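A short write-up of the structure that comes next.
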Amino acid sequence: MIRTLPVLYLLLFAFLGFGQDNYKSFTVKHITNSNITPDGILNEPVWEKAESANEFWEYFPLDSVQARQQSDIKMFYDDKNLYVGITMDAAGKDYAIQSLKRDFLAGGSDNISVVFDTFNDGQNAFLFGTNPYGVLREALISGGSTQQIGFTTSWDVKWKGDAKIYDDYYTAEMVIPLSSFKFKEGTQKWRFNSYRFDTQSNETSTWIKIPQNQQVWGTAFMGDMVFEKPLEKSKTPLAIIPYVNAISQKNFETDEGSNDIKFGGDAKIAIGTGLNLDVTVNPDFSNVEVDNVITNLTRFEIGLPEKRQFFIDNSDLFSSFGDSRDANPFFSRRIGIARDTAGNSIENKIIGGVRLSGKLTNNLRVGLLNIQTDEDLENEIASNNNTMIALQQKMFSRSNIGMYFINKESFRDYDFIESEDRYNRLFGVDYNLTSKDNTWTGKFYLHKSFQPNDNVGNLSSGARLSYNSRNYNFSGKAVYIDEDFSSDLGFVRRTGILKSFLNFERAFWPEKGKIQTHSFQFLPIGIWSTEDDFENTDYSLRTSWEAKFNNTAEFSAGFNSDFTFLFDDFDPTASDDGIPIPGNQGYYYNSVEAAYESDQRKLFAYGLGTEVGRFFNGNRFSVEGGMTLRFQPKVFISLLFNYDQISLPNPYPSADIWLVSPKIDVTFNKSVFWSTLIQYSNQRDNLGVNSRLQWRFAPLSDLFIVYNDNYFVNTFAPRYRSINLKFTYWLNI
């Protein structure tokens with residue numbers, strides 16, 4: 001495997017792709033006195049003088065015609081701000097709106113987004129959007145539209161905007177400080193695109209024509225916005241974000257309680273026009289939305305997304321190395337979490353940290369992260385310094401090569417820490433292939449870990465190549481992970497394996513009927529043990545058919561044939577007193593599955609999926625689904641559920657595993673929000689309630705009241721309870 005990787009690296013030069021043939025551009029004029037009030041009403045005379053980005057193309061349900069409901073975007077700028085005015089035709093006033101809360105999800109609702117590639121590299125972009133009610137959202141796009149594309153709505157920045165509804169159209173205004181962007185001083189051109197969801201006409205449209213086999217927000221297909229004069233160095237303010245958090249909590253299992261007041265904060269410092277320096281001191285993440293509980297019937301850990309603001313900006317610089325599923329060397333959620341003496345995951349206090357990230361030159365990105373965590377002697381948790389250095393150099397049109405170094409080290413001697421665990425270091429190189437039009441994408445990487453007295457071998461390497469066309473899609477991957485490869489700050493699901501898959505898909509695009517597109521897919525996956533003469537320990541053969549309808553509904557059905565060799569005993573029910581399924585033998589099992597998702601534009605929408613078949617030496621029946629109900633624009637109710645019936649022969653345990661998660665979001669206005677999430681999981685023996693009241697009294701400045709309550713499921717006895725009163729303020733200096 002290792003010998004073949006250099007050969008695979010040489011193949012990438014044959015796949016540079018072809019450019020787009022629908023080039024468009026417009027000029028953004030410079031003004032000195034705008035007097036714009038961002039109220040959504042385009043009544044200022046200056047808008048009449050601005051050039052337009054218009055003639056939108058339909059992306060859904062067709063991608064070969066002009067949009068039925070057109071949009072017109074105008075822009076101009078001064079030394080401080082970029083001004084955006086948009087007029088959008090509509091069939092009426094019956095808009096679909098999820099809520100009045102910022103950073104809404106775009107799918108299934110009416111909205112428009114503008115996307116700016118400020119370094120013209122086709123890899124990263126800034127997104128700003130609004131809906132007909134003037135609710136704002138912003139996001140970072142990373143990964144260049146590859147399979148590991150990042151779309152991060154957790155990113156926050158100060159800007160203003162609003163919208164105004166008329167009989168057969170609505171308008172929007174945006175005032176975005178140039179300091180919100182990162183760009184090279186003297187730049188006179190940005191790549192630009194815009195996409196819009198129109199639920200009344202059941203249409204998605206884009207300024208630049210994008211084929212439907214590509215992401216609508218991707219950076220491969222964009223036009224140009226040309227500034228009338230070069231951009232000067234933006235005067236980015238210093239952002240200070242202090243917090244005060246009063247917390248009262250009690251652990252009923254240990255009968256211990258406490259009352260405390262915490263202080264800390266973050267700072268955001270711009271270095272030039274391309275780099276960000278983030279500083280955090282005694283951070284507190286109590287206001288972060290709670291993670292969704294997931295039923296886990298596997299032998300392996302499940303990774304959950306990062307939601308903490310400190311780790312968001314340019315997060316792809318740190319997290320995109322290696323294989324995102326099987327061997328990711330850096331997983332930021334490892335920082336601030338540790339295991340106690342009983343093996344339970346608990347919060348590990350972060351003392352402070354710094355994070356430098358962004359563009360060093362037009363083609364070179366740099367990332368530096370250093371965070372110090374506190375010791376917890378009672379739970380035998382050491383104080384650790386966590387460091388990562390990452391470099392990424394653009395190559396060809398949209399590809400790049402990256403290098404990283406990671407070091408997690410304890411600088412003190414602890415009785416409970418073995419000498420071989422005192423530090424963990426990694427070094428790696430990745431080449432990310434992305435052709436100009438995204439037809440070819442791929443990744444080739446080689447990583448090595450180091451620990452005291454363990455520096456031989458410890459390799460992780462992989463290659464992935466994908467071909468994406470309108471009718472035929474192909475992808476293949478091979479990953480080798482040495483038994484001794486280790487990343488304390490990473491997410492490595494399994495070591496000592498060689499894993500590969502080949503994915504074949506044939507897509508069809510009917511010209512008539514209710515189906516917009518449908519496809520057949522065949523996906524064989526195999527895993528071999530490197531420690532047992534490459535014995536095949538797992539395989540999965542998956543065949544499926546998927547259909548997307550013109551009304552946005554979706555249906556899929558599939559058949560799975562699996563083999564798993566258990567090296568150790570395993571209890572999928574996670575019962576305390578059950579007899580595990582015997583290890584050191586293989587199991588063959590088949591299953592069928594089907595899923596349906598309704599039209600998400602409707603006030604009531606739902607999704608339902610089921611799987612039935614063999615499961616190791618028994619049977620499994622699973623049903624999962626969700627439903628949403630909108631009392632727009634102020635109330636959004638959702639319910640997620642998952643039921644797994646595991647039936648194993650005696651004396652092995654059987655179980656009915658339930659996960660039920662209702663949630664209600666109430667947006668009283670654009671500044672006051674209340675949400676309550678309830679999560680019931682009998683697998684985790686927990687009933688959790690998280691209720692959060694948020695008042696955004698100033699831009700990006702909030703007062704939170706967060707209530708958490710957890711109970712045992714069987715006895716309905718309390719486990720843990722807390723209430724937080726937290727104040728944060730975003731101050732630009």
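Ordering of the structure tokens sets the chain letters (A, B, ...), residue numbers begin anew at 1 in every chain, and ligands are numbered from 1 in the order given.
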
Exercise for the section: Just the residues within 10 Å of Thr298 of chain A, please, counting only C-alpha atoms, with nothing from its chain fewer than 5 positions along; format it as a ChimeraX atom specification. Expected result: /A:570-573

Save the residues we just selected, C-alpha atoms, as a PDB file, in the first residue's frame?
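In the end it all went to again-v1.pdb:
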```
ATOM      1  CA  PHE A 570     -19.601  -7.189  21.796  1.00  0.00           C
ATOM      2  CA  ASP A 571     -22.944  -6.136  23.260  1.00  0.00           C
ATOM      3  CA  PRO A 572     -24.750  -3.810  20.802  1.00  0.00           C
ATOM      4  CA  THR A 573     -27.522  -3.164  23.345  1.00  0.00           C
TER       5      THR A 573
END
```

Could you go through segment 187-422 of chain A and tell me which residues DSSP, when run on the backbone, assigns to strand (DSSP E or B), listing them as an mmCIF file with N, CA and C atoms, in the first residue's frame?
```cif
data_model
loop_
_atom_site.group_PDB
_atom_site.id
_atom_site.type_symbol
_atom_site.label_atom_id
_atom_site.label_comp_id
_atom_site.auth_asym_id
_atom_site.auth_seq_id
_atom_site.Cartn_x
_atom_site.Cartn_y
_atom_site.Cartn_z
ATOM 1 N N LYS A 189 -10.525 42.752 -8.024
ATOM 2 C CA LYS A 189 -11.527 41.805 -8.508
ATOM 3 C C LYS A 189 -11.753 40.707 -7.472
ATOM 4 N N TRP A 190 -13.029 40.379 -7.237
ATOM 5 C CA TRP A 190 -13.414 39.205 -6.461
ATOM 6 C C TRP A 190 -14.260 38.304 -7.355
ATOM 7 N N ARG A 191 -14.164 37.015 -7.122
ATOM 8 C CA ARG A 191 -15.116 36.092 -7.752
ATOM 9 C C ARG A 191 -16.418 36.132 -6.951
ATOM 10 N N PHE A 192 -17.533 35.996 -7.670
ATOM 11 C CA PHE A 192 -18.831 36.225 -7.026
ATOM 12 C C PHE A 192 -19.895 35.308 -7.632
ATOM 13 N N ASN A 193 -20.822 34.913 -6.775
ATOM 14 C CA ASN A 193 -22.040 34.241 -7.244
ATOM 15 C C ASN A 193 -23.148 34.471 -6.225
ATOM 16 N N SER A 194 -24.355 34.147 -6.619
ATOM 17 C CA SER A 194 -25.509 34.283 -5.733
ATOM 18 C C SER A 194 -26.471 33.151 -6.033
ATOM 19 N N TYR A 195 -27.117 32.628 -4.998
ATOM 20 C CA TYR A 195 -28.154 31.616 -5.212
ATOM 21 C C TYR A 195 -29.378 31.954 -4.376
ATOM 22 N N ARG A 196 -30.534 31.557 -4.904
ATOM 23 C CA ARG A 196 -31.811 31.945 -4.301
ATOM 24 C C ARG A 196 -32.767 30.763 -4.269
ATOM 25 N N PHE A 197 -33.473 30.618 -3.137
ATOM 26 C CA PHE A 197 -34.538 29.631 -2.997
ATOM 27 C C PHE A 197 -35.882 30.359 -3.069
ATOM 28 N N ASP A 198 -36.735 29.923 -3.985
ATOM 29 C CA ASP A 198 -38.065 30.509 -4.163
ATOM 30 C C ASP A 198 -39.088 29.390 -4.015
ATOM 31 N N GLU A 203 -38.472 26.926 -7.158
ATOM 32 C CA GLU A 203 -37.337 27.183 -8.024
ATOM 33 C C GLU A 203 -36.118 27.570 -7.199
ATOM 34 N N THR A 204 -34.983 27.015 -7.564
ATOM 35 C CA THR A 204 -33.690 27.475 -7.072
ATOM 36 C C THR A 204 -32.941 28.059 -8.256
ATOM 37 N N SER A 205 -32.381 29.257 -8.087
ATOM 38 C CA SER A 205 -31.718 29.921 -9.199
ATOM 39 C C SER A 205 -30.363 30.459 -8.761
ATOM 40 N N THR A 206 -29.480 30.644 -9.734
ATOM 41 C CA THR A 206 -28.130 31.140 -9.479
ATOM 42 C C THR A 206 -27.763 32.161 -10.550
ATOM 43 N N GLY A 223 -18.696 34.127 -11.240
ATOM 44 C CA GLY A 223 -18.322 35.206 -12.125
ATOM 45 C C GLY A 223 -17.408 36.180 -11.410
ATOM 46 N N ASP A 224 -17.266 37.370 -11.973
ATOM 47 C CA ASP A 224 -16.369 38.374 -11.407
ATOM 48 C C ASP A 224 -17.134 39.646 -11.060
ATOM 49 N N MET A 225 -16.792 40.220 -9.910
ATOM 50 C CA MET A 225 -17.190 41.580 -9.574
ATOM 51 C C MET A 225 -15.917 42.420 -9.571
ATOM 52 N N VAL A 226 -15.889 43.428 -10.436
ATOM 53 C CA VAL A 226 -14.682 44.222 -10.649
ATOM 54 C C VAL A 226 -14.862 45.578 -9.971
ATOM 55 N N PHE A 227 -13.967 45.888 -9.034
ATOM 56 C CA PHE A 227 -14.043 47.159 -8.322
ATOM 57 C C PHE A 227 -13.512 48.295 -9.196
ATOM 58 N N ALA A 239 -11.644 43.412 18.109
ATOM 59 C CA ALA A 239 -12.873 42.945 18.750
ATOM 60 C C ALA A 239 -12.542 42.324 20.103
ATOM 61 N N ILE A 240 -13.154 42.845 21.151
ATOM 62 C CA ILE A 240 -13.033 42.306 22.507
ATOM 63 C C ILE A 240 -14.393 41.744 22.892
ATOM 64 N N ILE A 241 -14.414 40.471 23.325
ATOM 65 C CA ILE A 241 -15.687 39.804 23.624
ATOM 66 C C ILE A 241 -15.616 39.217 25.030
ATOM 67 N N PRO A 242 -15.842 40.031 26.065
ATOM 68 C CA PRO A 242 -15.816 39.503 27.430
ATOM 69 C C PRO A 242 -17.126 38.801 27.781
ATOM 70 N N TYR A 243 -17.073 37.965 28.810
ATOM 71 C CA TYR A 243 -18.294 37.328 29.304
ATOM 72 C C TYR A 243 -18.261 37.258 30.827
ATOM 73 N N VAL A 244 -19.435 37.198 31.399
ATOM 74 C CA VAL A 244 -19.615 36.911 32.819
ATOM 75 C C VAL A 244 -20.681 35.826 32.905
ATOM 76 N N ASN A 245 -20.382 34.749 33.622
ATOM 77 C CA ASN A 245 -21.308 33.627 33.703
ATOM 78 C C ASN A 245 -21.513 33.234 35.158
ATOM 79 N N ALA A 246 -22.744 33.381 35.624
ATOM 80 C CA ALA A 246 -23.122 32.921 36.963
ATOM 81 C C ALA A 246 -23.804 31.569 36.816
ATOM 82 N N ILE A 247 -23.296 30.564 37.522
ATOM 83 C CA ILE A 247 -23.798 29.207 37.357
ATOM 84 C C ILE A 247 -24.088 28.580 38.712
ATOM 85 N N SER A 248 -25.210 27.889 38.768
ATOM 86 C CA SER A 248 -25.566 27.081 39.933
ATOM 87 C C SER A 248 -25.838 25.670 39.435
ATOM 88 N N GLN A 249 -25.161 24.680 40.042
ATOM 89 C CA GLN A 249 -25.279 23.323 39.526
ATOM 90 C C GLN A 249 -25.240 22.309 40.664
ATOM 91 N N LYS A 250 -25.787 21.121 40.384
ATOM 92 C CA LYS A 250 -25.754 20.039 41.371
ATOM 93 C C LYS A 250 -25.683 18.702 40.660
ATOM 94 N N ASN A 251 -24.767 17.853 41.119
ATOM 95 C CA ASN A 251 -24.644 16.485 40.655
ATOM 96 C C ASN A 251 -25.329 15.597 41.679
ATOM 97 N N GLU A 256 -23.266 16.484 45.185
ATOM 98 C CA GLU A 256 -22.402 17.651 45.293
ATOM 99 C C GLU A 256 -22.986 18.792 44.459
ATOM 100 N N GLY A 257 -22.954 19.982 45.010
ATOM 101 C CA GLY A 257 -23.447 21.153 44.307
ATOM 102 C C GLY A 257 -22.489 22.315 44.461
ATOM 103 N N SER A 258 -22.662 23.314 43.600
ATOM 104 C CA SER A 258 -21.788 24.475 43.676
ATOM 105 C C SER A 258 -22.467 25.672 43.046
ATOM 106 N N ASN A 259 -22.035 26.829 43.486
ATOM 107 C CA ASN A 259 -22.440 28.105 42.899
ATOM 108 C C ASN A 259 -21.162 28.864 42.568
ATOM 109 N N ASP A 260 -21.111 29.424 41.364
ATOM 110 C CA ASP A 260 -19.860 30.024 40.928
ATOM 111 C C ASP A 260 -20.141 31.153 39.946
ATOM 112 N N ILE A 261 -19.187 32.060 39.853
ATOM 113 C CA ILE A 261 -19.218 33.119 38.849
ATOM 114 C C ILE A 261 -17.910 33.047 38.075
ATOM 115 N N LYS A 262 -18.000 32.953 36.766
ATOM 116 C CA LYS A 262 -16.828 32.841 35.910
ATOM 117 C C LYS A 262 -16.672 34.100 35.067
ATOM 118 N N PHE A 263 -15.399 34.428 34.818
ATOM 119 C CA PHE A 263 -15.080 35.560 33.965
ATOM 120 C C PHE A 263 -14.107 35.091 32.894
ATOM 121 N N GLY A 264 -14.168 35.698 31.769
ATOM 122 C CA GLY A 264 -13.229 35.388 30.701
ATOM 123 C C GLY A 264 -13.621 36.120 29.441
ATOM 124 N N GLY A 265 -13.069 35.678 28.338
ATOM 125 C CA GLY A 265 -13.428 36.325 27.092
ATOM 126 C C GLY A 265 -12.498 35.988 25.954
ATOM 127 N N ASP A 266 -12.851 36.530 24.810
ATOM 128 C CA ASP A 266 -12.085 36.337 23.585
ATOM 129 C C ASP A 266 -11.693 37.688 23.014
ATOM 130 N N ALA A 267 -10.698 37.657 22.151
ATOM 131 C CA ALA A 267 -10.299 38.840 21.385
ATOM 132 C C ALA A 267 -9.998 38.400 19.963
ATOM 133 N N LYS A 268 -10.402 39.241 19.012
ATOM 134 C CA LYS A 268 -10.132 38.992 17.600
ATOM 135 C C LYS A 268 -9.299 40.151 17.075
ATOM 136 N N ILE A 269 -8.099 39.840 16.606
ATOM 137 C CA ILE A 269 -7.157 40.863 16.172
ATOM 138 C C ILE A 269 -6.799 40.586 14.708
ATOM 139 N N ALA A 270 -7.033 41.576 13.853
ATOM 140 C CA ALA A 270 -6.684 41.435 12.434
ATOM 141 C C ALA A 270 -5.213 41.780 12.239
ATOM 142 N N ILE A 271 -4.525 40.944 11.498
ATOM 143 C CA ILE A 271 -3.129 41.193 11.138
ATOM 144 C C ILE A 271 -3.089 41.343 9.627
ATOM 145 N N LEU A 275 -4.954 37.852 7.741
ATOM 146 C CA LEU A 275 -4.747 36.995 8.899
ATOM 147 C C LEU A 275 -5.629 37.412 10.066
ATOM 148 N N ASN A 276 -6.056 36.431 10.837
ATOM 149 C CA ASN A 276 -6.824 36.638 12.063
ATOM 150 C C ASN A 276 -6.056 36.060 13.235
ATOM 151 N N LEU A 277 -5.993 36.785 14.327
ATOM 152 C CA LEU A 277 -5.458 36.258 15.571
ATOM 153 C C LEU A 277 -6.588 36.212 16.584
ATOM 154 N N ASP A 278 -6.956 35.008 17.004
ATOM 155 C CA ASP A 278 -7.985 34.815 18.024
ATOM 156 C C ASP A 278 -7.310 34.455 19.335
ATOM 157 N N VAL A 279 -7.730 35.124 20.396
ATOM 158 C CA VAL A 279 -7.194 34.881 21.733
ATOM 159 C C VAL A 279 -8.364 34.548 22.651
ATOM 160 N N THR A 280 -8.205 33.525 23.467
ATOM 161 C CA THR A 280 -9.241 33.185 24.433
ATOM 162 C C THR A 280 -8.613 32.994 25.808
ATOM 163 N N VAL A 281 -9.276 33.489 26.831
ATOM 164 C CA VAL A 281 -8.830 33.364 28.213
ATOM 165 C C VAL A 281 -9.994 32.825 29.031
ATOM 166 N N ASP A 323 -8.171 11.594 6.427
ATOM 167 C CA ASP A 323 -9.476 11.101 6.003
ATOM 168 C C ASP A 323 -10.506 11.492 7.050
ATOM 169 N N ALA A 327 -9.481 8.631 9.624
ATOM 170 C CA ALA A 327 -8.184 8.992 10.210
ATOM 171 C C ALA A 327 -7.967 10.495 10.113
ATOM 172 N N ASN A 328 -8.729 11.238 10.885
ATOM 173 C CA ASN A 328 -8.568 12.686 10.940
ATOM 174 C C ASN A 328 -7.595 13.014 12.069
ATOM 175 N N ILE A 337 -12.222 18.356 26.493
ATOM 176 C CA ILE A 337 -12.905 17.133 26.908
ATOM 177 C C ILE A 337 -11.840 16.118 27.325
ATOM 178 N N ALA A 338 -12.063 15.416 28.427
ATOM 179 C CA ALA A 338 -11.130 14.389 28.891
ATOM 180 C C ALA A 338 -11.924 13.266 29.551
ATOM 181 N N ARG A 339 -11.237 12.179 29.843
ATOM 182 C CA ARG A 339 -11.893 11.033 30.481
ATOM 183 C C ARG A 339 -11.462 10.930 31.943
ATOM 184 N N SER A 345 -16.519 10.693 29.698
ATOM 185 C CA SER A 345 -16.089 11.964 29.128
ATOM 186 C C SER A 345 -16.628 13.109 29.966
ATOM 187 N N ILE A 346 -15.721 13.978 30.426
ATOM 188 C CA ILE A 346 -16.119 15.119 31.235
ATOM 189 C C ILE A 346 -15.428 16.372 30.697
ATOM 190 N N GLU A 347 -15.929 17.530 31.108
ATOM 191 C CA GLU A 347 -15.329 18.782 30.675
ATOM 192 C C GLU A 347 -13.961 18.964 31.317
ATOM 193 N N ILE A 350 -10.307 24.783 29.924
ATOM 194 C CA ILE A 350 -9.306 25.415 29.085
ATOM 195 C C ILE A 350 -8.837 26.698 29.767
ATOM 196 N N ILE A 351 -7.545 26.784 30.047
ATOM 197 C CA ILE A 351 -7.001 27.982 30.690
ATOM 198 C C ILE A 351 -6.967 29.144 29.699
ATOM 199 N N GLY A 352 -6.503 28.879 28.500
ATOM 200 C CA GLY A 352 -6.434 29.918 27.489
ATOM 201 C C GLY A 352 -5.770 29.398 26.233
ATOM 202 N N GLY A 353 -5.807 30.225 25.185
ATOM 203 C CA GLY A 353 -5.201 29.804 23.951
ATOM 204 C C GLY A 353 -5.154 30.912 22.921
ATOM 205 N N VAL A 354 -4.373 30.690 21.877
ATOM 206 C CA VAL A 354 -4.280 31.618 20.748
ATOM 207 C C VAL A 354 -4.444 30.805 19.468
ATOM 208 N N ARG A 355 -4.903 31.517 18.434
ATOM 209 C CA ARG A 355 -5.168 30.856 17.157
ATOM 210 C C ARG A 355 -4.954 31.868 16.041
ATOM 211 N N LEU A 356 -3.913 31.659 15.250
ATOM 212 C CA LEU A 356 -3.602 32.524 14.114
ATOM 213 C C LEU A 356 -3.941 31.763 12.841
ATOM 214 N N SER A 357 -4.715 32.387 11.951
ATOM 215 C CA SER A 357 -5.119 31.679 10.739
ATOM 216 C C SER A 357 -5.441 32.669 9.638
ATOM 217 N N GLY A 358 -5.253 32.212 8.403
ATOM 218 C CA GLY A 358 -5.600 33.029 7.252
ATOM 219 C C GLY A 358 -4.560 32.962 6.160
ATOM 220 N N LYS A 359 -4.582 33.983 5.301
ATOM 221 C CA LYS A 359 -3.702 34.054 4.138
ATOM 222 C C LYS A 359 -2.429 34.815 4.486
ATOM 223 N N LEU A 364 -0.712 31.208 -0.147
ATOM 224 C CA LEU A 364 -0.266 30.456 1.028
ATOM 225 C C LEU A 364 -1.133 30.787 2.237
ATOM 226 N N ARG A 365 -1.752 29.756 2.807
ATOM 227 C CA ARG A 365 -2.523 29.888 4.037
ATOM 228 C C ARG A 365 -1.718 29.296 5.190
ATOM 229 N N VAL A 366 -1.891 29.887 6.372
ATOM 230 C CA VAL A 366 -1.157 29.430 7.535
ATOM 231 C C VAL A 366 -2.108 29.340 8.726
ATOM 232 N N GLY A 367 -1.887 28.348 9.559
ATOM 233 C CA GLY A 367 -2.668 28.188 10.781
ATOM 234 C C GLY A 367 -1.768 27.805 11.939
ATOM 235 N N LEU A 368 -1.966 28.460 13.070
ATOM 236 C CA LEU A 368 -1.205 28.159 14.287
ATOM 237 C C LEU A 368 -2.168 28.167 15.458
ATOM 238 N N LEU A 369 -2.196 27.086 16.204
ATOM 239 C CA LEU A 369 -3.089 26.962 17.351
ATOM 240 C C LEU A 369 -2.296 26.483 18.550
ATOM 241 N N ASN A 370 -2.491 27.135 19.699
ATOM 242 C CA ASN A 370 -1.859 26.703 20.944
ATOM 243 C C ASN A 370 -2.842 26.926 22.086
ATOM 244 N N ILE A 371 -3.206 25.851 22.764
ATOM 245 C CA ILE A 371 -4.196 25.909 23.843
ATOM 246 C C ILE A 371 -3.680 25.117 25.036
ATOM 247 N N GLN A 372 -3.825 25.707 26.220
ATOM 248 C CA GLN A 372 -3.410 25.053 27.462
ATOM 249 C C GLN A 372 -4.649 24.639 28.245
ATOM 250 N N THR A 373 -4.730 23.341 28.583
ATOM 251 C CA THR A 373 -5.827 22.853 29.411
ATOM 252 C C THR A 373 -5.353 22.659 30.850
ATOM 253 N N ASP A 376 -6.749 18.202 36.490
ATOM 254 C CA ASP A 376 -7.829 17.790 37.377
ATOM 255 C C ASP A 376 -7.332 16.541 38.102
ATOM 256 N N ILE A 381 -6.529 13.761 35.499
ATOM 257 C CA ILE A 381 -6.415 14.420 34.198
ATOM 258 C C ILE A 381 -5.256 15.400 34.262
ATOM 259 N N ASN A 385 -0.518 20.891 26.983
ATOM 260 C CA ASN A 385 -0.382 21.937 25.979
ATOM 261 C C ASN A 385 -0.684 21.317 24.618
ATOM 262 N N ASN A 386 -1.595 21.950 23.884
ATOM 263 C CA ASN A 386 -2.059 21.417 22.607
ATOM 264 C C ASN A 386 -1.679 22.393 21.498
ATOM 265 N N THR A 387 -0.861 21.944 20.561
ATOM 266 C CA THR A 387 -0.331 22.816 19.522
ATOM 267 C C THR A 387 -0.535 22.190 18.149
ATOM 268 N N MET A 388 -0.877 23.033 17.197
ATOM 269 C CA MET A 388 -0.923 22.591 15.802
ATOM 270 C C MET A 388 -0.439 23.723 14.902
ATOM 271 N N ILE A 389 0.408 23.376 13.936
ATOM 272 C CA ILE A 389 0.876 24.298 12.904
ATOM 273 C C ILE A 389 0.470 23.707 11.563
ATOM 274 N N ALA A 390 -0.180 24.509 10.728
ATOM 275 C CA ALA A 390 -0.646 24.029 9.428
ATOM 276 C C ALA A 390 -0.285 25.033 8.344
ATOM 277 N N LEU A 391 0.150 24.522 7.207
ATOM 278 C CA LEU A 391 0.449 25.335 6.021
ATOM 279 C C LEU A 391 -0.292 24.741 4.840
ATOM 280 N N GLN A 392 -0.790 25.615 3.955
ATOM 281 C CA GLN A 392 -1.504 25.144 2.773
ATOM 282 C C GLN A 392 -1.150 26.046 1.590
ATOM 283 N N GLN A 393 -0.529 25.460 0.559
ATOM 284 C CA GLN A 393 -0.078 26.198 -0.617
ATOM 285 C C GLN A 393 -0.953 25.831 -1.814
ATOM 286 N N LYS A 394 -1.531 26.852 -2.445
ATOM 287 C CA LYS A 394 -2.351 26.618 -3.630
ATOM 288 C C LYS A 394 -1.486 26.127 -4.781
ATOM 289 N N MET A 395 -2.035 25.165 -5.554
ATOM 290 C CA MET A 395 -1.354 24.647 -6.733
ATOM 291 C C MET A 395 -2.360 24.557 -7.875
ATOM 292 N N SER A 399 -6.320 23.393 -6.704
ATOM 293 C CA SER A 399 -5.774 22.359 -5.833
ATOM 294 C C SER A 399 -4.818 22.981 -4.822
ATOM 295 N N ASN A 400 -4.382 22.180 -3.843
ATOM 296 C CA ASN A 400 -3.428 22.684 -2.861
ATOM 297 C C ASN A 400 -2.671 21.529 -2.224
ATOM 298 N N ILE A 401 -1.521 21.864 -1.654
ATOM 299 C CA ILE A 401 -0.739 20.911 -0.877
ATOM 300 C C ILE A 401 -0.592 21.471 0.529
ATOM 301 N N GLY A 402 -0.777 20.617 1.526
ATOM 302 C CA GLY A 402 -0.746 21.065 2.914
ATOM 303 C C GLY A 402 0.206 20.240 3.753
ATOM 304 N N MET A 403 0.732 20.870 4.809
ATOM 305 C CA MET A 403 1.599 20.196 5.769
ATOM 306 C C MET A 403 1.148 20.599 7.171
ATOM 307 N N TYR A 404 1.321 19.705 8.135
ATOM 308 C CA TYR A 404 0.945 20.039 9.506
ATOM 309 C C TYR A 404 1.890 19.381 10.504
ATOM 310 N N PHE A 405 1.911 19.963 11.694
ATOM 311 C CA PHE A 405 2.610 19.381 12.838
ATOM 312 C C PHE A 405 1.710 19.547 14.051
ATOM 313 N N ILE A 406 1.513 18.470 14.802
ATOM 314 C CA ILE A 406 0.667 18.479 15.998
ATOM 315 C C ILE A 406 1.482 17.979 17.177
ATOM 316 N N ASN A 407 1.322 18.643 18.304
ATOM 317 C CA ASN A 407 1.996 18.210 19.529
ATOM 318 C C ASN A 407 1.054 18.392 20.716
ATOM 319 N N LYS A 408 0.780 17.290 21.392
ATOM 320 C CA LYS A 408 0.062 17.340 22.676
ATOM 321 C C LYS A 408 1.026 16.820 23.730
ATOM 322 N N GLU A 409 1.304 17.651 24.733
ATOM 323 C CA GLU A 409 2.357 17.298 25.682
ATOM 324 C C GLU A 409 2.024 17.812 27.064
#
```

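Compared by their closest atoms to Lys670 of chain A, and using only C-alpha atoms, the residues A:Met174, A:Ala698, A:Val65, A:Val157 rank with A:Ala698 nearest.
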
Practice task
Could you please determine the separation between atom CA of Ala655 of chain A and atom CA of Gly607 of chain A in Å, to one decimal place?
Solution key: 24.4 Å

Problem - Distance criterion (only C-alpha atoms): nearest to Thr439 of chain A out of A:Ala220, A:Leu603, A:Val592, A:Ile335 - result: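 Smallest distance to Thr439 of chain A is found for A:Ala220.
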
Problem - Residues near segment 464-479 of chain A, cut-off 7 Å, only C-alpha atoms, skip fewer than 4 positions along chain, as a PyMOL selection string - result: chain A and resi 213+439-444+498-508

Exercise for the section: Work out how far apart atom CA of Tyr133 of chain A and atom CA of Val114 of chain A are and give it in Å to one decimal. Expected result: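 Result for atom CA of Tyr133 of chain A versus atom CA of Val114 of chain A: 16.7 Å, one decimal.
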
Exercise for the section: Could you check which of A:Asn292, A:Ser487, A:Thr667, A:Gln632 is closest to Gly322 of chain A, using only C-alpha atoms? Expected result: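 Ranking A:Asn292, A:Ser487, A:Thr667, A:Gln632 by distance to Gly322 of chain A, first place goes to A:Ser487.
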
Problem - Close residues, Asp533 of chain A itself excluded, 12 Å, only C-alpha atoms, min 3 positions apart in chain, as a list in words - result: Gly496, Ile497, Leu498, Trp528, Ser529, Thr530, Asn536 and Thr537 of chain A

Exercise for the section: May I ask which of the residues A:Ile31, A:Val623, A:Val429, A:Leu100 is the closest one to Ser320 of chain A, counting only C-alpha atoms? Expected result: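 Among the listed residues, the smallest separation from Ser320 of chain A belongs to A:Val429.
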
Exercise for the section: Can you check which residues of segment 261-393 of chain A DSSP gives as helix (DSSP H, G or I) on the backbone and send them as a list in words? Expected result: Gln309, Phe310, Phe311, Asp316, Leu317, Phe318, Ser319, Ser332, Arg333, Arg334, Leu377, Glu378 and Asn379 of chain A
